[in-house]
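Text of query.txt (compact mmCIF, C-alpha atoms) as supplied:
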# COMPACT_ATOMS: atom_id res chain seq x y z
CA MET A 22 -112.22 46.52 -14.42
CA ALA A 23 -109.97 43.58 -13.67
CA VAL A 24 -107.17 42.86 -16.17
CA SER A 25 -108.36 39.26 -16.32
CA GLY A 26 -110.86 37.16 -14.44
CA PHE A 27 -113.50 34.50 -14.98
CA GLU A 28 -115.43 35.01 -18.22
CA GLY A 29 -119.12 35.06 -17.38
CA PHE A 30 -120.48 35.65 -20.90
CA GLU A 31 -121.56 32.31 -22.31
CA LYS A 32 -121.27 30.79 -25.75
CA ARG A 33 -124.48 29.03 -26.77
CA LEU A 34 -124.92 26.28 -29.36
CA GLU A 35 -128.27 24.83 -30.44
CA LEU A 36 -128.45 21.86 -32.82
CA HIS A 37 -131.67 20.44 -34.34
CA PHE A 38 -131.93 17.00 -35.92
CA PHE A 39 -134.52 14.96 -37.81
CA GLY A 40 -134.94 11.27 -38.64
CA GLY A 41 -137.08 8.25 -37.84
CA ASP A 42 -134.74 5.34 -37.25
CA PRO A 43 -136.34 2.41 -35.34
CA VAL A 44 -133.50 2.68 -32.79
CA ASN A 45 -135.25 5.77 -31.42
CA ILE A 46 -137.36 3.78 -28.98
CA ASP A 47 -140.50 5.66 -27.93
CA ASN A 48 -139.17 8.75 -29.74
CA MET A 49 -136.36 9.13 -27.21
CA GLY A 50 -133.93 10.16 -29.96
CA LEU A 51 -130.88 11.96 -28.59
CA ARG A 52 -131.91 11.09 -25.03
CA LEU A 53 -130.70 7.57 -25.80
CA LEU A 54 -127.11 8.87 -25.80
CA ASP A 55 -125.34 7.27 -22.85
CA PHE A 56 -123.72 9.41 -20.16
CA ASP A 57 -120.19 8.37 -21.14
CA SER A 58 -120.74 9.64 -24.69
CA LEU A 59 -121.99 12.99 -23.40
CA GLU A 60 -119.01 13.22 -21.03
CA GLN A 61 -116.62 12.64 -23.92
CA VAL A 62 -118.21 15.53 -25.83
CA LEU A 63 -117.98 17.74 -22.75
CA HIS A 64 -114.34 16.70 -22.26
CA ALA A 65 -113.58 18.15 -25.71
CA VAL A 66 -115.34 21.36 -24.63
CA GLN A 67 -113.42 21.26 -21.30
CA CYS A 68 -116.24 20.99 -18.79
CA THR A 69 -118.07 18.27 -16.84
CA VAL A 70 -121.53 17.46 -15.44
CA VAL A 71 -122.00 18.44 -11.78
CA SER A 72 -125.76 17.83 -11.41
CA ALA A 73 -128.71 16.65 -13.49
CA VAL A 74 -132.48 16.35 -13.62
CA GLY A 75 -134.94 15.10 -16.23
CA ASN A 76 -138.60 14.53 -16.94
CA HIS A 77 -140.79 12.99 -19.65
CA PHE A 78 -139.73 15.60 -22.22
CA PHE A 79 -135.99 16.25 -21.82
CA ASP A 80 -132.87 16.03 -19.65
CA ALA A 81 -131.12 19.03 -18.08
CA TYR A 82 -127.51 18.98 -16.91
CA VAL A 83 -125.76 21.62 -14.80
CA LEU A 84 -122.16 21.78 -15.99
CA SER A 85 -118.98 22.97 -14.31
CA GLU A 86 -119.33 25.81 -16.83
CA SER A 87 -123.07 26.39 -17.41
CA SER A 88 -125.69 24.00 -18.92
CA LEU A 89 -126.65 21.23 -21.32
CA PHE A 90 -130.21 20.35 -22.42
CA VAL A 91 -130.98 17.18 -24.36
CA TYR A 92 -134.35 16.77 -26.13
CA PRO A 93 -135.20 13.90 -28.52
CA THR A 94 -134.26 15.98 -31.60
CA LYS A 95 -132.52 19.02 -30.12
CA ILE A 96 -129.42 19.74 -28.04
CA ILE A 97 -128.53 23.05 -26.41
CA ILE A 98 -125.11 23.59 -24.83
CA LYS A 99 -124.24 26.82 -23.07
CA THR A 100 -120.75 27.25 -21.63
CA CYS A 101 -118.82 30.09 -20.02
CA GLY A 102 -115.19 30.66 -19.02
CA THR A 103 -112.54 29.58 -21.52
CA THR A 104 -114.42 26.50 -22.73
CA GLN A 105 -114.12 25.49 -26.38
CA LEU A 106 -117.81 25.00 -27.07
CA LEU A 107 -117.60 24.66 -30.84
CA LYS A 108 -115.48 21.54 -30.49
CA SER A 109 -118.71 19.75 -29.57
CA ILE A 110 -120.23 20.12 -33.06
CA ARG A 111 -118.45 17.29 -34.86
CA PRO A 112 -118.78 14.63 -32.11
CA LEU A 113 -122.47 15.48 -31.57
CA ILE A 114 -123.21 15.12 -35.30
CA HIS A 115 -121.43 11.74 -35.24
CA LEU A 116 -123.33 10.50 -32.16
CA ALA A 117 -126.66 11.62 -33.64
CA ASP A 118 -125.84 9.90 -36.92
CA ASN A 119 -125.39 6.63 -35.02
CA LEU A 120 -129.00 7.06 -33.84
CA GLY A 121 -130.26 7.65 -37.39
CA LEU A 122 -130.59 11.40 -36.84
CA THR A 123 -129.40 14.05 -39.30
CA LEU A 124 -128.48 17.64 -38.47
CA CYS A 125 -130.92 20.12 -40.04
CA GLU A 126 -130.28 23.35 -38.12
CA CYS A 127 -127.46 25.01 -36.18
CA ARG A 128 -127.57 28.20 -34.12
CA TYR A 129 -124.63 29.81 -32.33
CA THR A 130 -124.99 32.96 -30.22
CA ARG A 131 -122.92 34.89 -27.71
CA GLY A 132 -122.44 38.35 -26.26
CA SER A 133 -119.18 40.31 -26.17
CA PHE A 134 -116.56 38.73 -23.95
CA ILE A 135 -115.31 40.73 -20.98
CA PHE A 136 -111.86 39.16 -21.46
CA PRO A 137 -111.63 38.40 -25.20
CA LYS A 138 -107.84 37.94 -25.17
CA SER A 139 -108.20 35.04 -22.73
CA GLN A 140 -110.35 33.00 -25.13
CA PRO A 141 -108.71 29.97 -26.78
CA PHE A 142 -109.10 28.88 -30.40
CA PRO A 143 -111.60 28.80 -32.06
CA HIS A 144 -113.13 31.53 -29.88
CA THR A 145 -110.39 34.13 -30.37
CA ASN A 146 -112.78 36.25 -32.47
CA PHE A 147 -116.13 35.87 -34.22
CA LYS A 148 -114.61 35.46 -37.68
CA GLU A 149 -112.59 32.46 -36.45
CA GLU A 150 -115.69 31.01 -34.81
CA VAL A 151 -117.72 31.26 -38.02
CA ILE A 152 -114.94 29.66 -40.10
CA TYR A 153 -114.66 26.82 -37.58
CA ILE A 154 -118.43 26.20 -37.51
CA GLU A 155 -118.69 26.19 -41.30
CA GLU A 156 -115.79 23.74 -41.60
CA ASN A 157 -117.58 21.33 -39.26
CA LEU A 158 -121.10 21.54 -40.65
CA PRO A 159 -122.38 19.15 -43.33
CA ASN A 160 -122.98 20.61 -46.78
CA ASN A 161 -126.74 20.11 -46.57
CA LEU A 162 -126.95 23.09 -44.18
CA CYS A 163 -126.69 25.55 -47.05
CA TYR A 164 -128.81 28.45 -45.74
CA ARG A 165 -126.19 30.24 -43.63
CA LYS A 166 -125.89 33.66 -42.09
CA ALA A 167 -123.45 35.32 -39.67
CA SER A 168 -124.02 38.72 -38.11
CA VAL A 169 -122.78 40.93 -35.30
CA MET A 170 -125.73 42.92 -33.97
CA PRO A 171 -124.47 46.22 -32.51
CA SER A 172 -125.73 48.41 -29.70
CA LYS A 173 -125.06 51.90 -28.42
CA LEU A 174 -123.03 50.34 -25.61
CA PRO A 175 -119.58 49.66 -27.10
CA SER A 176 -118.93 46.66 -24.87
CA HIS A 177 -122.24 44.96 -25.75
CA SER A 178 -122.95 43.37 -29.11
CA TRP A 179 -124.67 40.11 -30.06
CA HIS A 180 -122.93 37.57 -32.28
CA VAL A 181 -125.18 35.22 -34.27
CA PHE A 182 -124.55 32.39 -36.73
CA THR A 183 -127.36 30.23 -38.11
CA ALA A 184 -127.45 27.48 -40.70
CA SER A 185 -130.28 25.28 -41.91
CA ASP A 186 -131.05 22.51 -44.37
CA GLN A 187 -132.94 23.66 -47.49
CA THR A 188 -135.20 20.60 -47.33
CA TYR A 189 -135.86 21.20 -43.64
CA LEU A 190 -137.35 24.66 -44.11
CA PRO A 191 -140.42 23.99 -46.28
CA ARG A 192 -141.20 20.53 -44.90
CA PHE A 193 -141.34 21.61 -41.30
CA ALA A 194 -142.89 24.98 -42.06
CA LEU A 195 -145.85 23.20 -43.62
CA LYS A 196 -146.07 20.70 -40.80
CA SER A 197 -146.21 23.18 -37.93
CA PRO A 198 -144.98 26.77 -37.75
CA ASP A 199 -142.56 27.44 -34.90
CA VAL A 200 -144.50 29.14 -32.11
CA SER A 201 -141.68 29.02 -29.57
CA PHE A 202 -139.40 31.83 -28.47
CA THR A 203 -136.10 32.05 -26.62
CA VAL A 204 -135.04 34.97 -24.43
CA GLU A 205 -131.38 35.32 -23.46
CA ILE A 206 -130.56 38.00 -20.87
CA CYS A 207 -127.00 39.07 -19.99
CA MET A 208 -126.51 41.26 -16.91
CA THR A 209 -123.36 43.07 -15.76
CA GLU A 210 -122.39 45.38 -12.88
CA LEU A 211 -124.60 43.50 -10.44
CA ASP A 212 -125.64 44.88 -7.07
CA ARG A 213 -122.73 44.19 -4.66
CA LEU A 214 -124.91 43.30 -1.69
CA LEU A 215 -126.81 40.76 -3.74
CA THR A 216 -123.71 39.16 -5.25
CA ARG A 217 -122.42 38.33 -1.76
CA LYS A 218 -125.16 35.72 -1.52
CA PHE A 219 -123.37 33.73 -4.23
CA PHE A 220 -120.18 33.32 -2.18
CA LYS A 221 -119.65 30.36 0.13
CA LYS A 222 -118.58 31.38 3.62
CA ALA A 223 -115.03 30.57 4.73
CA GLY A 224 -114.93 27.08 6.21
CA ASP A 225 -118.32 26.17 4.75
CA SER A 226 -118.32 22.44 4.13
CA LYS A 227 -121.63 22.29 2.25
CA THR A 228 -121.74 20.25 -0.95
CA GLY A 229 -122.32 22.07 -4.23
CA ASP A 230 -125.91 20.79 -4.28
CA SER A 231 -126.77 21.99 -0.77
CA ALA A 232 -124.95 25.31 -1.27
CA GLY A 233 -126.87 25.81 -4.50
CA LYS A 234 -130.20 25.10 -2.83
CA GLU A 235 -129.41 27.65 -0.13
CA MET A 236 -128.46 30.31 -2.72
CA THR A 237 -131.66 29.61 -4.68
CA GLU A 238 -133.82 30.21 -1.60
CA LEU A 239 -131.77 33.11 -0.21
CA THR A 240 -131.97 35.14 -3.43
CA GLY A 241 -135.58 34.41 -4.35
CA ILE A 242 -134.63 32.57 -7.53
CA ASP A 243 -137.11 29.86 -6.53
CA ASN A 244 -139.93 32.43 -6.89
CA ILE A 245 -139.26 33.14 -10.59
CA ASN A 246 -141.26 30.06 -11.60
CA PRO A 247 -142.59 28.45 -8.40
CA GLY A 248 -144.05 25.45 -10.26
CA ALA A 249 -140.76 24.37 -11.84
CA ILE A 250 -138.35 21.66 -10.68
CA ILE A 251 -134.99 23.27 -9.89
CA CYS A 252 -131.56 21.68 -10.20
CA ASP A 253 -128.98 24.04 -8.71
CA PHE A 254 -125.30 24.10 -7.76
CA GLY A 255 -123.11 26.46 -5.70
CA PHE A 256 -119.44 26.59 -6.66
CA ASP A 257 -116.38 26.95 -4.45
CA PRO A 258 -115.46 29.64 -3.46
CA CYS A 259 -118.22 31.42 -5.40
CA GLY A 260 -120.53 31.19 -8.37
CA TYR A 261 -123.88 29.61 -9.05
CA SER A 262 -125.76 27.71 -11.76
CA MET A 263 -129.38 26.61 -11.99
CA ASN A 264 -131.57 24.77 -14.47
CA SER A 265 -135.32 24.64 -13.99
CA ILE A 266 -137.67 22.34 -15.86
CA ASP A 267 -141.40 22.85 -16.29
CA GLY A 268 -143.04 20.45 -18.74
CA ASP A 269 -141.14 20.71 -22.02
CA ARG A 270 -139.61 24.08 -21.08
CA TYR A 271 -136.41 25.06 -19.33
CA SER A 272 -134.95 28.17 -17.82
CA THR A 273 -131.38 28.61 -16.65
CA ILE A 274 -129.36 31.06 -14.55
CA HIS A 275 -125.59 31.41 -14.20
CA VAL A 276 -123.78 33.83 -11.88
CA THR A 277 -120.20 35.08 -11.73
CA PRO A 278 -120.35 37.30 -8.62
CA GLU A 279 -116.78 38.67 -8.36
CA ASP A 280 -116.55 42.44 -8.10
CA GLY A 281 -115.09 44.13 -11.17
CA TYR A 282 -116.48 41.58 -13.63
CA SER A 283 -119.75 40.48 -12.03
CA TYR A 284 -122.14 38.84 -14.45
CA ALA A 285 -125.40 36.92 -14.44
CA SER A 286 -127.47 35.39 -17.22
CA PHE A 287 -131.06 34.25 -17.44
CA GLU A 288 -132.46 32.27 -20.34
CA CYS A 289 -135.96 30.92 -20.82
CA VAL A 290 -138.17 29.50 -23.54
CA GLY A 291 -141.89 29.85 -24.08
CA SER A 292 -144.71 29.93 -26.60
CA ILE A 293 -146.12 32.95 -28.40
CA TYR A 294 -149.51 31.81 -27.12
CA ASP A 295 -148.44 32.31 -23.50
CA ASP A 296 -150.01 35.10 -21.50
CA GLN A 297 -147.85 38.13 -22.34
CA ASP A 298 -148.18 39.45 -18.80
CA ASP A 299 -146.70 36.19 -17.48
CA ILE A 300 -143.65 36.64 -19.74
CA VAL A 301 -143.15 40.18 -18.45
CA GLU A 302 -143.46 39.03 -14.84
CA THR A 303 -140.95 36.21 -15.31
CA LEU A 304 -138.33 38.49 -16.88
CA LYS A 305 -138.91 41.14 -14.24
CA LYS A 306 -138.45 38.65 -11.38
CA ALA A 307 -135.25 37.26 -12.91
CA VAL A 308 -133.58 40.64 -13.44
CA GLN A 309 -134.72 41.94 -10.05
CA VAL A 310 -132.70 39.21 -8.32
CA PHE A 311 -129.47 40.88 -9.48
CA LYS A 312 -130.28 44.60 -9.81
CA PRO A 313 -127.79 45.03 -12.71
CA ALA A 314 -126.62 48.40 -14.06
CA THR A 315 -126.44 47.07 -17.63
CA VAL A 316 -128.65 44.49 -19.34
CA SER A 317 -128.72 43.09 -22.85
CA VAL A 318 -131.64 40.99 -24.08
CA SER A 319 -131.77 38.80 -27.17
CA THR A 320 -135.19 37.52 -28.23
CA THR A 321 -135.48 34.82 -30.91
CA SER A 322 -138.98 34.31 -32.30
CA ASN A 323 -141.15 34.34 -35.40
CA ASN A 324 -143.55 36.62 -33.55
CA HIS A 325 -143.02 40.32 -32.91
CA GLU A 326 -145.14 40.46 -29.78
CA VAL A 327 -142.53 38.89 -27.51
CA TRP A 328 -139.67 41.36 -27.91
CA THR A 329 -141.97 44.35 -27.54
CA ARG A 330 -142.80 43.11 -24.03
CA VAL A 331 -139.17 43.13 -22.87
CA ALA A 332 -139.18 46.88 -22.16
CA HIS A 333 -142.33 46.42 -20.05
CA ALA A 334 -140.29 44.13 -17.81
CA MET A 335 -137.22 46.37 -17.62
CA GLU A 336 -138.66 49.87 -17.24
CA PRO A 337 -140.35 49.30 -13.83
CA LEU A 338 -136.90 48.22 -12.55
CA GLY A 339 -135.41 51.59 -13.49
CA LEU A 340 -133.77 50.28 -16.66
CA LYS A 341 -133.99 52.43 -19.77
CA CYS A 342 -133.76 51.06 -23.32
CA ARG A 343 -130.61 52.39 -25.02
CA SER A 344 -130.68 50.51 -28.30
CA CYS A 345 -132.69 47.99 -30.31
CA THR A 346 -131.44 46.03 -33.33
CA MET A 347 -133.40 43.51 -35.41
CA ASP A 348 -132.33 40.95 -38.00
CA ASP A 349 -133.80 37.86 -39.71
CA PHE A 350 -132.01 34.50 -39.79
CA PRO A 351 -132.70 31.29 -41.74
CA ALA A 352 -134.94 28.92 -39.73
CA ALA A 353 -134.20 30.72 -36.46
CA GLY A 354 -136.62 33.54 -37.23
CA THR A 355 -136.23 37.15 -36.13
CA ILE A 356 -133.64 38.01 -33.50
CA VAL A 357 -134.08 41.30 -31.64
CA PHE A 358 -131.19 42.58 -29.53
CA GLN A 359 -131.94 45.28 -26.94
CA THR A 360 -129.75 46.96 -24.35
CA PHE A 361 -130.81 48.68 -21.14
CA THR A 362 -128.95 50.68 -18.49
CA ALA A 363 -129.98 51.78 -15.04
CA GLY A 364 -131.31 55.33 -14.98
CA ARG A 365 -128.60 56.45 -12.56
CA ARG A 366 -125.86 55.50 -15.08
CA LYS A 367 -125.21 57.19 -18.38

Would you mind giving the structure from this file in structure tokens?
Amino acid sequence: MAVSGFEGFEKRLELHFFGGDPVNIDNMGLRLLDFDSLEQVLHAVQCTVVSAVGNHFFDAYVLSESSLFVYPTKIIIKTCGTTQLLKSIRPLIHLADNLGLTLCECRYTRGSFIFPKSQPFPHTNFKEEVIYIEENLPNNLCYRKASVMPSKLPSHSWHVFTASDQTYLPRFALKSPDVSFTVEICMTELDRLLTRKFFKKAGDSKTGDSAGKEMTELTGIDNINPGAIICDFGFDPCGYSMNSIDGDRYSTIHVTPEDGYSYASFECVGSIYDDQDDIVETLKKAVQVFKPATVSVSTTSNNHEVWTRVAHAMEPLGLKCRSCTMDDFPAAGTIVFQTFTAGRRK
């Protein structure tokens, strides 16, 4: 293990808003935020936009450190390295307020950092993160919960903070129950032969966009969801990020390929009404790209069917379930955290 290197494990922030101000032309909501405003938020986080794509439903940005997704009433930011993700909370609330939108739900999740001592404030430890979030949230988000979900692998635990508005819960629950789910997969100790495909060759003058496209095709990432539009980027001298959009759904992949602290993540969203076999196939394809020795999977859903399918995706790849932890969170639903290791490793 390297003493210090690039931190692959991402921090993830999801903010939900509500409101019906006339300024939200055609229900565009947060998508009306101009690019300069978004860049200012990202500047506070210490990252920038390197590529972007959008459709009728939402906009997806590949960042210098991971991804940003902007829906009319929801924003998801996922950043790696030594970014200060939580510094985006206050400016995003302010920008949304200018559009007549009010924060009604906040979710923050992350795995265990490989290099925790390299993290800047407020990410020095989970307690500091929770204090910082709570100081920056409005008082109306009064249903709050913080938890560290453990596993049998000492270096893998899942950190979760959720907060929601008391008026938001019953109103929206009556309107339409949440049928969506989110799966976040973190993979370490990647196959060395496969990680080489995420390095640019010496003297390679390809742009980040063209290098990313080549990596997508070379690794079979484009086969995970063949119908999706892919926005990818290859970094110099190594590393890779990809967002894919398919209707109102996204998936995203980020790769830190350096030996000693190799890491890859895959995240996707779906509906509990999706064909369960399709979910299994998608997860299987994504993990197979990297052949990791260790995998952790967090599933957020109000339905128990989704997380039970995760093992069906992992076991055919030679990955054995080592631990499974479950907890309930306000508004977010049930989060299930599972860890898997390759059969050859104990």

Distance table requested - region 96-124 of chain A against region 274-286 of chain A, cut-off 12 Å, all atoms listed in the file: one row per qualifying residue with the closest atom pair and its distance in Å to one decimal, ordered by chain and rising residue number, as a tab-separated table.
residue	atom	partner	partner_atom	distance
A:Lys99	CA	A:His275	CA	10.1
A:Thr100	CA	A:His275	CA	9.8
A:Cys101	CA	A:His275	CA	9.0
A:Gly102	CA	A:Thr277	CA	9.9

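Counting only C-alpha atoms, the residue from A:Tyr153, A:Tyr164, A:Phe202, A:Phe78 that sits nearest to Gln187 (chain A) is A:Tyr164.
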
_Straight-line distance linking CA of Thr123 (chain A) with CA of Arg111 (chain A), stated in Å to one decimal_ =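 Between CA of Thr123 (chain A) and CA of Arg111 (chain A) the gap works out to 12.3 Å.
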
*Kindly give the distance, in Å, that separates CA of His37 (chain A) and CA of Asp295 (chain A), rounded to a single decimal.*
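CA of Asp295 (chain A) lies 23.2 Å from CA of His37 (chain A).
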
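For the set A:Ser58, A:Asn48, A:Thr69, A:Ser133, the residue with the smallest atom-to-atom gap to Thr209 (chain A) is A:Ser133, counting only C-alpha atoms.
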
*asked:* Between A:Leu162, A:Val308, A:Met208, A:Val71, which residue has the minimum interatomic distance to Thr228 (chain A), considering all atoms listed in the file?
replied: A:Val71
